[in-house]
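> Input target17.cif, format and content: mmCIF, C-alpha atoms.
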data_query
loop_
_atom_site.label_atom_id
_atom_site.label_comp_id
_atom_site.auth_asym_id
_atom_site.auth_seq_id
_atom_site.Cartn_x
_atom_site.Cartn_y
_atom_site.Cartn_z
CA MET A 168 -15.82 -60.47 -32.88
CA THR A 169 -18.84 -62.52 -31.91
CA GLU A 170 -20.42 -63.05 -28.53
CA THR A 171 -19.27 -66.68 -28.86
CA ASP A 172 -15.64 -65.51 -29.04
CA VAL A 173 -16.04 -63.37 -25.91
CA VAL A 174 -17.67 -66.19 -23.89
CA ASN A 175 -15.16 -68.80 -25.14
CA PHE A 176 -12.34 -66.48 -24.11
CA CYS A 177 -13.84 -66.11 -20.61
CA MET A 178 -13.90 -69.92 -20.41
CA LEU A 179 -10.36 -70.29 -21.77
CA THR A 180 -8.79 -67.78 -19.38
CA GLY A 181 -11.07 -68.40 -16.40
CA ASN A 182 -11.47 -64.62 -16.19
CA TRP A 183 -15.19 -63.74 -15.96
CA LEU A 184 -14.81 -60.01 -15.33
CA GLU A 185 -18.23 -58.31 -15.31
CA LEU A 186 -16.95 -55.85 -17.93
CA HIS A 187 -16.95 -58.71 -20.47
CA SER A 188 -19.55 -61.14 -19.16
CA ASN A 189 -22.31 -59.25 -17.30
CA VAL A 190 -24.71 -57.25 -19.51
CA GLU A 191 -26.38 -55.46 -16.59
CA HIS A 192 -23.10 -54.46 -14.95
CA ALA A 193 -21.66 -53.34 -18.29
CA LYS A 194 -24.57 -50.90 -18.80
CA SER A 195 -23.04 -48.76 -16.02
CA SER A 196 -19.49 -49.11 -17.36
CA LEU A 197 -17.46 -46.65 -19.44
CA TYR A 198 -18.97 -47.64 -22.80
CA GLY A 199 -22.41 -48.80 -21.61
CA GLN A 200 -22.02 -52.32 -23.00
CA ARG A 201 -19.79 -55.38 -22.73
CA LEU A 202 -16.27 -54.90 -24.07
CA VAL A 203 -14.43 -57.53 -26.06
CA GLN A 204 -11.38 -58.48 -23.95
CA GLY A 205 -8.22 -56.57 -24.93
CA SER A 206 -6.15 -59.75 -24.81
CA LEU A 207 -8.59 -61.35 -27.24
CA VAL A 208 -8.46 -58.37 -29.62
CA PHE A 209 -4.66 -58.54 -29.47
CA SER A 210 -4.67 -62.32 -30.05
CA ILE A 211 -7.07 -62.15 -33.01
CA VAL A 212 -5.34 -59.19 -34.69
CA ASN A 213 -1.84 -60.71 -34.48
CA ALA A 214 -3.21 -64.11 -35.62
CA MET A 215 -4.12 -62.46 -38.94
CA ILE A 216 -0.46 -61.77 -39.78
CA PRO A 217 0.47 -64.02 -42.74
CA PHE A 218 3.07 -66.13 -40.88
CA ASP A 219 5.56 -68.39 -42.70
CA SER A 220 6.04 -71.61 -40.71
CA SER A 221 9.30 -72.41 -42.49
CA VAL A 222 11.06 -69.44 -40.86
CA LEU A 223 9.04 -68.48 -37.76
CA ALA A 224 10.87 -69.59 -34.58
CA ALA A 225 8.91 -67.89 -31.76
CA PHE A 226 6.95 -64.83 -30.59
CA TYR A 227 9.73 -62.54 -29.32
CA GLY A 228 7.80 -59.69 -27.71
CA CYS A 229 5.66 -56.60 -28.10
CA ASP A 230 6.15 -52.91 -27.34
CA LYS A 231 3.88 -49.90 -26.99
CA LEU A 232 0.65 -51.88 -27.18
CA ARG A 233 -2.28 -49.45 -26.86
CA PHE A 234 -6.02 -49.98 -27.13
CA LEU A 235 -7.09 -46.73 -28.77
CA ARG A 236 -10.80 -47.49 -29.16
CA PRO A 237 -13.12 -50.09 -27.61
CA THR A 238 -14.06 -53.27 -29.48
CA PHE A 239 -17.70 -54.37 -29.11
CA ILE A 240 -19.50 -57.62 -29.84
CA GLY A 241 -20.42 -57.51 -33.54
CA ASP A 242 -17.36 -55.52 -34.64
CA THR A 243 -15.20 -56.81 -37.51
CA LEU A 244 -11.44 -56.37 -37.35
CA TRP A 245 -8.75 -56.15 -39.99
CA ALA A 246 -4.99 -56.28 -39.43
CA ARG A 247 -2.42 -54.02 -41.06
CA VAL A 248 1.20 -55.01 -40.64
CA GLU A 249 4.33 -53.30 -41.90
CA VAL A 250 7.90 -54.46 -41.27
CA ALA A 251 9.70 -51.67 -39.42
CA ASP A 252 12.99 -53.13 -38.21
CA LEU A 253 15.34 -56.11 -38.71
CA LYS A 254 17.89 -57.01 -36.03
CA ASP A 255 20.45 -59.76 -35.75
CA HIS A 256 19.86 -61.99 -32.71
CA ASP A 257 22.21 -65.00 -32.69
CA GLU A 258 23.96 -67.29 -35.17
CA ASN A 259 20.70 -68.80 -36.40
CA HIS A 260 18.05 -66.13 -35.74
CA GLY A 261 17.08 -62.54 -36.26
CA VAL A 262 14.27 -60.40 -34.79
CA VAL A 263 11.74 -58.80 -37.15
CA THR A 264 9.74 -55.94 -35.65
CA SER A 265 6.53 -54.83 -37.35
CA LYS A 266 4.12 -52.00 -36.84
CA LEU A 267 0.83 -53.81 -36.26
CA GLU A 268 -2.57 -52.14 -36.28
CA GLY A 269 -6.07 -53.50 -35.69
CA ILE A 270 -8.73 -51.55 -37.62
CA ASN A 271 -12.52 -51.96 -37.39
CA GLN A 272 -15.41 -51.52 -39.85
CA ARG A 273 -15.72 -47.85 -38.77
CA ASP A 274 -12.10 -47.35 -39.96
CA GLU A 275 -11.03 -46.77 -36.35
CA THR A 276 -7.63 -48.01 -35.20
CA VAL A 277 -8.55 -50.04 -32.12
CA LEU A 278 -5.06 -51.37 -31.37
CA ARG A 279 -1.52 -50.35 -32.22
CA CYS A 280 1.77 -52.01 -31.24
CA GLN A 281 5.29 -52.94 -32.26
CA PHE A 282 5.18 -56.68 -32.73
CA SER A 283 8.43 -58.71 -32.77
CA LEU A 284 9.05 -62.24 -34.03
CA LEU A 285 12.13 -64.44 -33.75
CA ILE A 286 12.91 -65.61 -37.30
CA ARG A 287 15.18 -68.44 -38.52
CA LYS A 288 17.96 -67.51 -40.92
CA SER A 289 17.60 -70.84 -42.76
CA ARG A 290 14.29 -72.42 -43.81
CA LEU A 291 12.77 -75.56 -42.34
CA ASP A 292 12.00 -77.48 -45.54
CA HIS A 293 8.84 -79.58 -44.97
CA PRO A 294 10.06 -81.22 -41.76
CA GLY A 295 8.33 -84.44 -40.71
CA GLU A 296 6.88 -85.03 -44.15
CA PRO A 297 6.44 -88.77 -44.87
CA PRO A 298 8.41 -90.01 -47.97
CA LYS A 299 5.20 -90.74 -49.93
CA ILE A 300 3.99 -87.17 -49.51
CA GLN A 301 7.44 -85.83 -50.38
CA ALA A 302 7.56 -87.96 -53.54
CA ALA A 303 4.13 -86.71 -54.58
CA ARG A 304 5.20 -83.11 -54.02
CA GLU A 305 8.40 -83.54 -56.01
CA GLU A 306 6.44 -85.18 -58.84
CA SER A 307 3.87 -82.37 -58.94
CA LYS A 308 6.72 -79.81 -58.95
CA GLY A 309 8.13 -81.53 -62.06
CA GLU A 310 4.72 -81.34 -63.75
CA ASN A 311 4.41 -77.63 -63.08
CA ALA A 312 7.94 -76.90 -64.36
CA MET B 155 -1.14 -75.08 -19.84
CA THR B 156 -2.83 -78.14 -21.25
CA GLU B 157 -2.93 -79.45 -24.81
CA THR B 158 -6.66 -78.62 -24.71
CA ASP B 159 -5.83 -74.94 -24.10
CA VAL B 160 -3.42 -74.89 -27.05
CA VAL B 161 -5.89 -76.54 -29.45
CA ASN B 162 -8.80 -74.38 -28.26
CA PHE B 163 -6.66 -71.29 -28.80
CA CYS B 164 -5.87 -72.42 -32.38
CA MET B 165 -9.63 -72.77 -32.93
CA LEU B 166 -10.42 -69.42 -31.32
CA THR B 167 -7.86 -67.43 -33.33
CA GLY B 168 -8.02 -69.47 -36.54
CA ASN B 169 -4.22 -69.55 -36.42
CA TRP B 170 -2.99 -73.14 -36.88
CA LEU B 171 0.74 -72.40 -37.12
CA GLU B 172 2.74 -75.67 -37.27
CA LEU B 173 4.82 -74.44 -34.34
CA HIS B 174 1.76 -74.91 -32.09
CA SER B 175 -0.30 -77.56 -33.84
CA ASN B 176 1.97 -79.97 -35.75
CA VAL B 177 3.97 -82.39 -33.57
CA GLU B 178 6.16 -83.64 -36.44
CA HIS B 179 7.00 -80.15 -37.69
CA ALA B 180 7.70 -78.94 -34.16
CA LYS B 181 10.33 -81.70 -33.67
CA SER B 182 12.56 -79.75 -36.07
CA SER B 183 11.79 -76.37 -34.49
CA LEU B 184 13.88 -74.35 -32.03
CA TYR B 185 12.72 -76.25 -28.92
CA GLY B 186 11.99 -79.64 -30.49
CA GLN B 187 8.34 -79.66 -29.42
CA ARG B 188 5.13 -77.66 -29.77
CA LEU B 189 5.18 -74.25 -28.10
CA VAL B 190 2.23 -72.82 -26.21
CA GLN B 191 1.21 -69.69 -28.13
CA GLY B 192 2.76 -66.50 -26.72
CA SER B 193 -0.58 -64.68 -26.96
CA LEU B 194 -2.17 -67.46 -24.90
CA VAL B 195 0.58 -67.31 -22.26
CA PHE B 196 0.09 -63.53 -22.09
CA SER B 197 -3.72 -63.91 -21.87
CA ILE B 198 -3.59 -66.54 -19.12
CA VAL B 199 -0.95 -64.75 -17.04
CA ASN B 200 -2.74 -61.39 -17.09
CA ALA B 201 -6.09 -63.11 -16.39
CA MET B 202 -4.66 -64.20 -13.02
CA ILE B 203 -4.37 -60.58 -11.82
CA PRO B 204 -6.94 -60.12 -9.01
CA PHE B 205 -9.10 -57.53 -10.81
CA ASP B 206 -11.72 -55.43 -9.03
CA SER B 207 -14.80 -55.02 -11.24
CA SER B 208 -16.03 -52.02 -9.27
CA VAL B 209 -13.09 -49.87 -10.47
CA LEU B 210 -11.69 -51.51 -13.63
CA ALA B 211 -12.68 -49.49 -16.72
CA ALA B 212 -10.58 -51.02 -19.52
CA PHE B 213 -7.27 -52.61 -20.58
CA TYR B 214 -5.13 -49.56 -21.38
CA GLY B 215 -1.98 -51.11 -22.88
CA CYS B 216 1.23 -53.01 -22.38
CA ASP B 217 4.91 -52.17 -22.75
CA LYS B 218 8.13 -54.13 -23.01
CA LEU B 219 6.42 -57.53 -23.28
CA ARG B 220 9.12 -60.20 -23.63
CA PHE B 221 8.91 -63.98 -23.73
CA LEU B 222 12.10 -64.93 -21.89
CA ARG B 223 11.61 -68.71 -21.89
CA PRO B 224 9.38 -71.07 -23.88
CA THR B 225 6.15 -72.44 -22.40
CA PHE B 226 5.41 -76.10 -23.18
CA ILE B 227 2.27 -78.21 -22.91
CA GLY B 228 2.15 -79.46 -19.31
CA ASP B 229 3.76 -76.37 -17.77
CA THR B 230 2.04 -74.62 -14.86
CA LEU B 231 2.15 -70.83 -14.66
CA TRP B 232 1.91 -68.38 -11.78
CA ALA B 233 1.51 -64.61 -12.04
CA ARG B 234 3.37 -62.03 -9.98
CA VAL B 235 2.12 -58.48 -10.18
CA GLU B 236 3.42 -55.36 -8.50
CA VAL B 237 2.02 -51.84 -8.92
CA ALA B 238 4.79 -49.65 -10.34
CA ASP B 239 3.15 -46.41 -11.42
CA LEU B 240 -0.05 -44.36 -11.00
CA LYS B 241 -0.94 -41.65 -13.52
CA ASP B 242 -3.87 -39.31 -13.82
CA HIS B 243 -5.77 -39.78 -17.10
CA ASP B 244 -8.97 -37.69 -17.20
CA GLU B 245 -11.60 -36.37 -14.81
CA ASN B 246 -12.93 -39.85 -14.01
CA HIS B 247 -9.98 -42.19 -14.64
CA GLY B 248 -6.37 -42.93 -13.86
CA VAL B 249 -3.88 -45.40 -15.37
CA VAL B 250 -2.27 -48.00 -13.09
CA THR B 251 0.86 -49.62 -14.48
CA SER B 252 2.11 -52.87 -12.97
CA LYS B 253 5.17 -54.98 -13.42
CA LEU B 254 3.72 -58.33 -14.46
CA GLU B 255 5.67 -61.59 -14.55
CA GLY B 256 4.68 -65.12 -15.58
CA ILE B 257 6.68 -67.77 -13.70
CA ASN B 258 6.61 -71.54 -14.29
CA GLN B 259 7.10 -74.61 -12.05
CA ARG B 260 10.86 -74.53 -12.82
CA ASP B 261 10.94 -71.01 -11.29
CA GLU B 262 11.73 -69.57 -14.72
CA THR B 263 10.30 -66.17 -15.68
CA VAL B 264 8.65 -66.96 -19.02
CA LEU B 265 7.08 -63.54 -19.57
CA ARG B 266 7.70 -60.03 -18.34
CA CYS B 267 5.86 -56.80 -19.18
CA GLN B 268 4.54 -53.48 -17.95
CA PHE B 269 0.79 -53.92 -17.85
CA SER B 270 -1.51 -50.87 -17.73
CA LEU B 271 -5.17 -50.65 -16.75
CA LEU B 272 -7.61 -47.75 -16.95
CA ILE B 273 -9.15 -47.41 -13.48
CA ARG B 274 -12.27 -45.49 -12.34
CA LYS B 275 -11.78 -42.88 -9.63
CA SER B 276 -15.23 -43.69 -8.16
CA ARG B 277 -16.57 -47.20 -7.53
CA LEU B 278 -19.44 -48.80 -9.41
CA ASP B 279 -21.53 -50.04 -6.50
CA HIS B 280 -23.28 -53.29 -7.52
CA PRO B 281 -24.78 -51.89 -10.75
CA GLY B 282 -27.71 -53.77 -12.26
CA GLU B 283 -28.47 -55.58 -9.02
CA PRO B 284 -32.21 -56.38 -8.66
CA PRO B 285 -33.84 -54.82 -5.54
CA LYS B 286 -34.46 -58.24 -3.94
CA ILE B 287 -30.77 -59.12 -4.14
CA GLN B 288 -29.81 -55.67 -2.85
CA ALA B 289 -32.18 -56.04 0.10
CA ALA B 290 -30.73 -59.45 0.97
CA ARG B 291 -27.21 -58.07 0.80
CA GLU B 292 -28.07 -55.10 3.04
CA GLU B 293 -29.74 -57.45 5.51
CA SER B 294 -26.74 -59.78 5.63
CA LYS B 295 -24.46 -56.74 6.13
CA GLY B 296 -26.53 -55.77 9.19
CA GLU B 297 -26.17 -59.31 10.58
CA ASN B 298 -22.40 -59.25 10.20
CA ALA B 299 -22.07 -55.81 11.85
#
Turn this file's structure into structure tokens for me.

Amino acid sequence: MTETDVVNFCMLTGNWLELHSNVEHAKSSLYGQRLVQGSLVFSIVNAMIPFDSSVLAAFYGCDKLRFLRPTFIGDTLWARVEVADLKDHDENHGVVTSKLEGINQRDETVLRCQFSLLIRKSRLDHPGEPPKIQAAREESKGENA
Amino acid sequence: MTETDVVNFCMLTGNWLELHSNVEHAKSSLYGQRLVQGSLVFSIVNAMIPFDSSVLAAFYGCDKLRFLRPTFIGDTLWARVEVADLKDHDENHGVVTSKLEGINQRDETVLRCQFSLLIRKSRLDHPGEPPKIQAAREESKGENA
């Protein structure tokens, strides 16, 4: 999490809370320094999930999100994700719920939540691919077989 | 929510899921067009809460976050927030939980959650303010009295 990320996120959201953007103010705050925005930590950690575009339909929701430790500028985050639950949703979709954790270089869990995605029951097979690209892919498949 | 926001958010997170970034792929997806990222919708909606820097300590957590309707490029979002619960946390902090909703120009609730902030029991009174600025503020207070 770089200072650039924190400033870009202030610009993106329009939220310039002193806690994230004002070094002097942050010195008197709970942790004595600027905090990386919780929404940014959440966004970066869930963006590290290895999504599969052929089945992902939408972000369904999130439960029990907690920020257990602060994230500071200069920290490095990892994501750990483990499928916890599979539910039927409608004729064409199910909901997959995972236990998602964000862990920093000090081995601290900074974030924990139950993260749910709406998943297609059938795959989208290279939609929108131009015929020339498709032909090339089919050809290269034949070569590898 | 502009296309610029969606592309900037792809750049910020490094997550270039076809659902958000590939027009041709998105034509075959659930809503037939690119979706604004759920994490971005969440970040923008909660950034519209009128925070008070003198008492806000940290983002505590979030429960029951659900995306009830899709958000598309070109949609305009409002936030509605209502304090629902106040809990004691430690000697210097409490947790305020609000019912937060994101509502679009079609009057659809696109997002709903229980949003919790860690709040200071005592105010931070203009920390880091240089004496000259403080003097000017005190003077202007006297004028208004």
> Applied to the shown file, which residues does the PyMOL selection byres ((chain A) within 7 of (chain B)) return, written as a list in words?
Asp172, Leu179, Thr180, Asn182, Leu184, Glu185, Glu191, His192, Ser195, Ser196, Leu197, Gly205, Ser206, Ser210, Ile211, Ala214, Ser220, Ala224, Phe226, Tyr227, Gly228, Cys229, Asp230, Lys231, Leu232, Arg233, Phe234, Pro294 and Gly295 of chain A
> Just the number, please: distance in Å from CA of Lys241 in chain B to CA of Ser276 in chain B, one decimal.
15.4 Å
> Where does the PyMOL selection byres ((chain B and resi 229) around 9) land in this file, that is, which residues does it pick, as a PyMOL selection string?
chain B and resi 155-156+225-228+230-231+258-260
> Residue by residue, what does the PyMOL selection byres ((chain A and resi 269) around 6) grab here? Present the result as an MDAnalysis selection string.
chainID A and resid 212 245:246 268 270 276:278
> Record the distance separating CA of Ala251 in chain A and CA of Ser265 in chain A, expressed in Å with one decimal.
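If I compute the distance from CA of Ala251 in chain A to CA of Ser265 in chain A, I get 4.9 Å.
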> Can you work out which one of A:Glu310, A:Glu170, A:Glu305, A:Glu249 has the shortest atom-to-atom distance to Leu267 in chain A, counting only C-alpha atoms?
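Smallest distance to Leu267 in chain A is found for A:Glu249.
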> Rounded to one decimal place, report the CA of Ala303 in chain A-CA of Arg290 in chain A distance in Å.
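Atom-to-atom, CA of Ala303 in chain A to CA of Arg290 in chain A, that is 20.6 Å.
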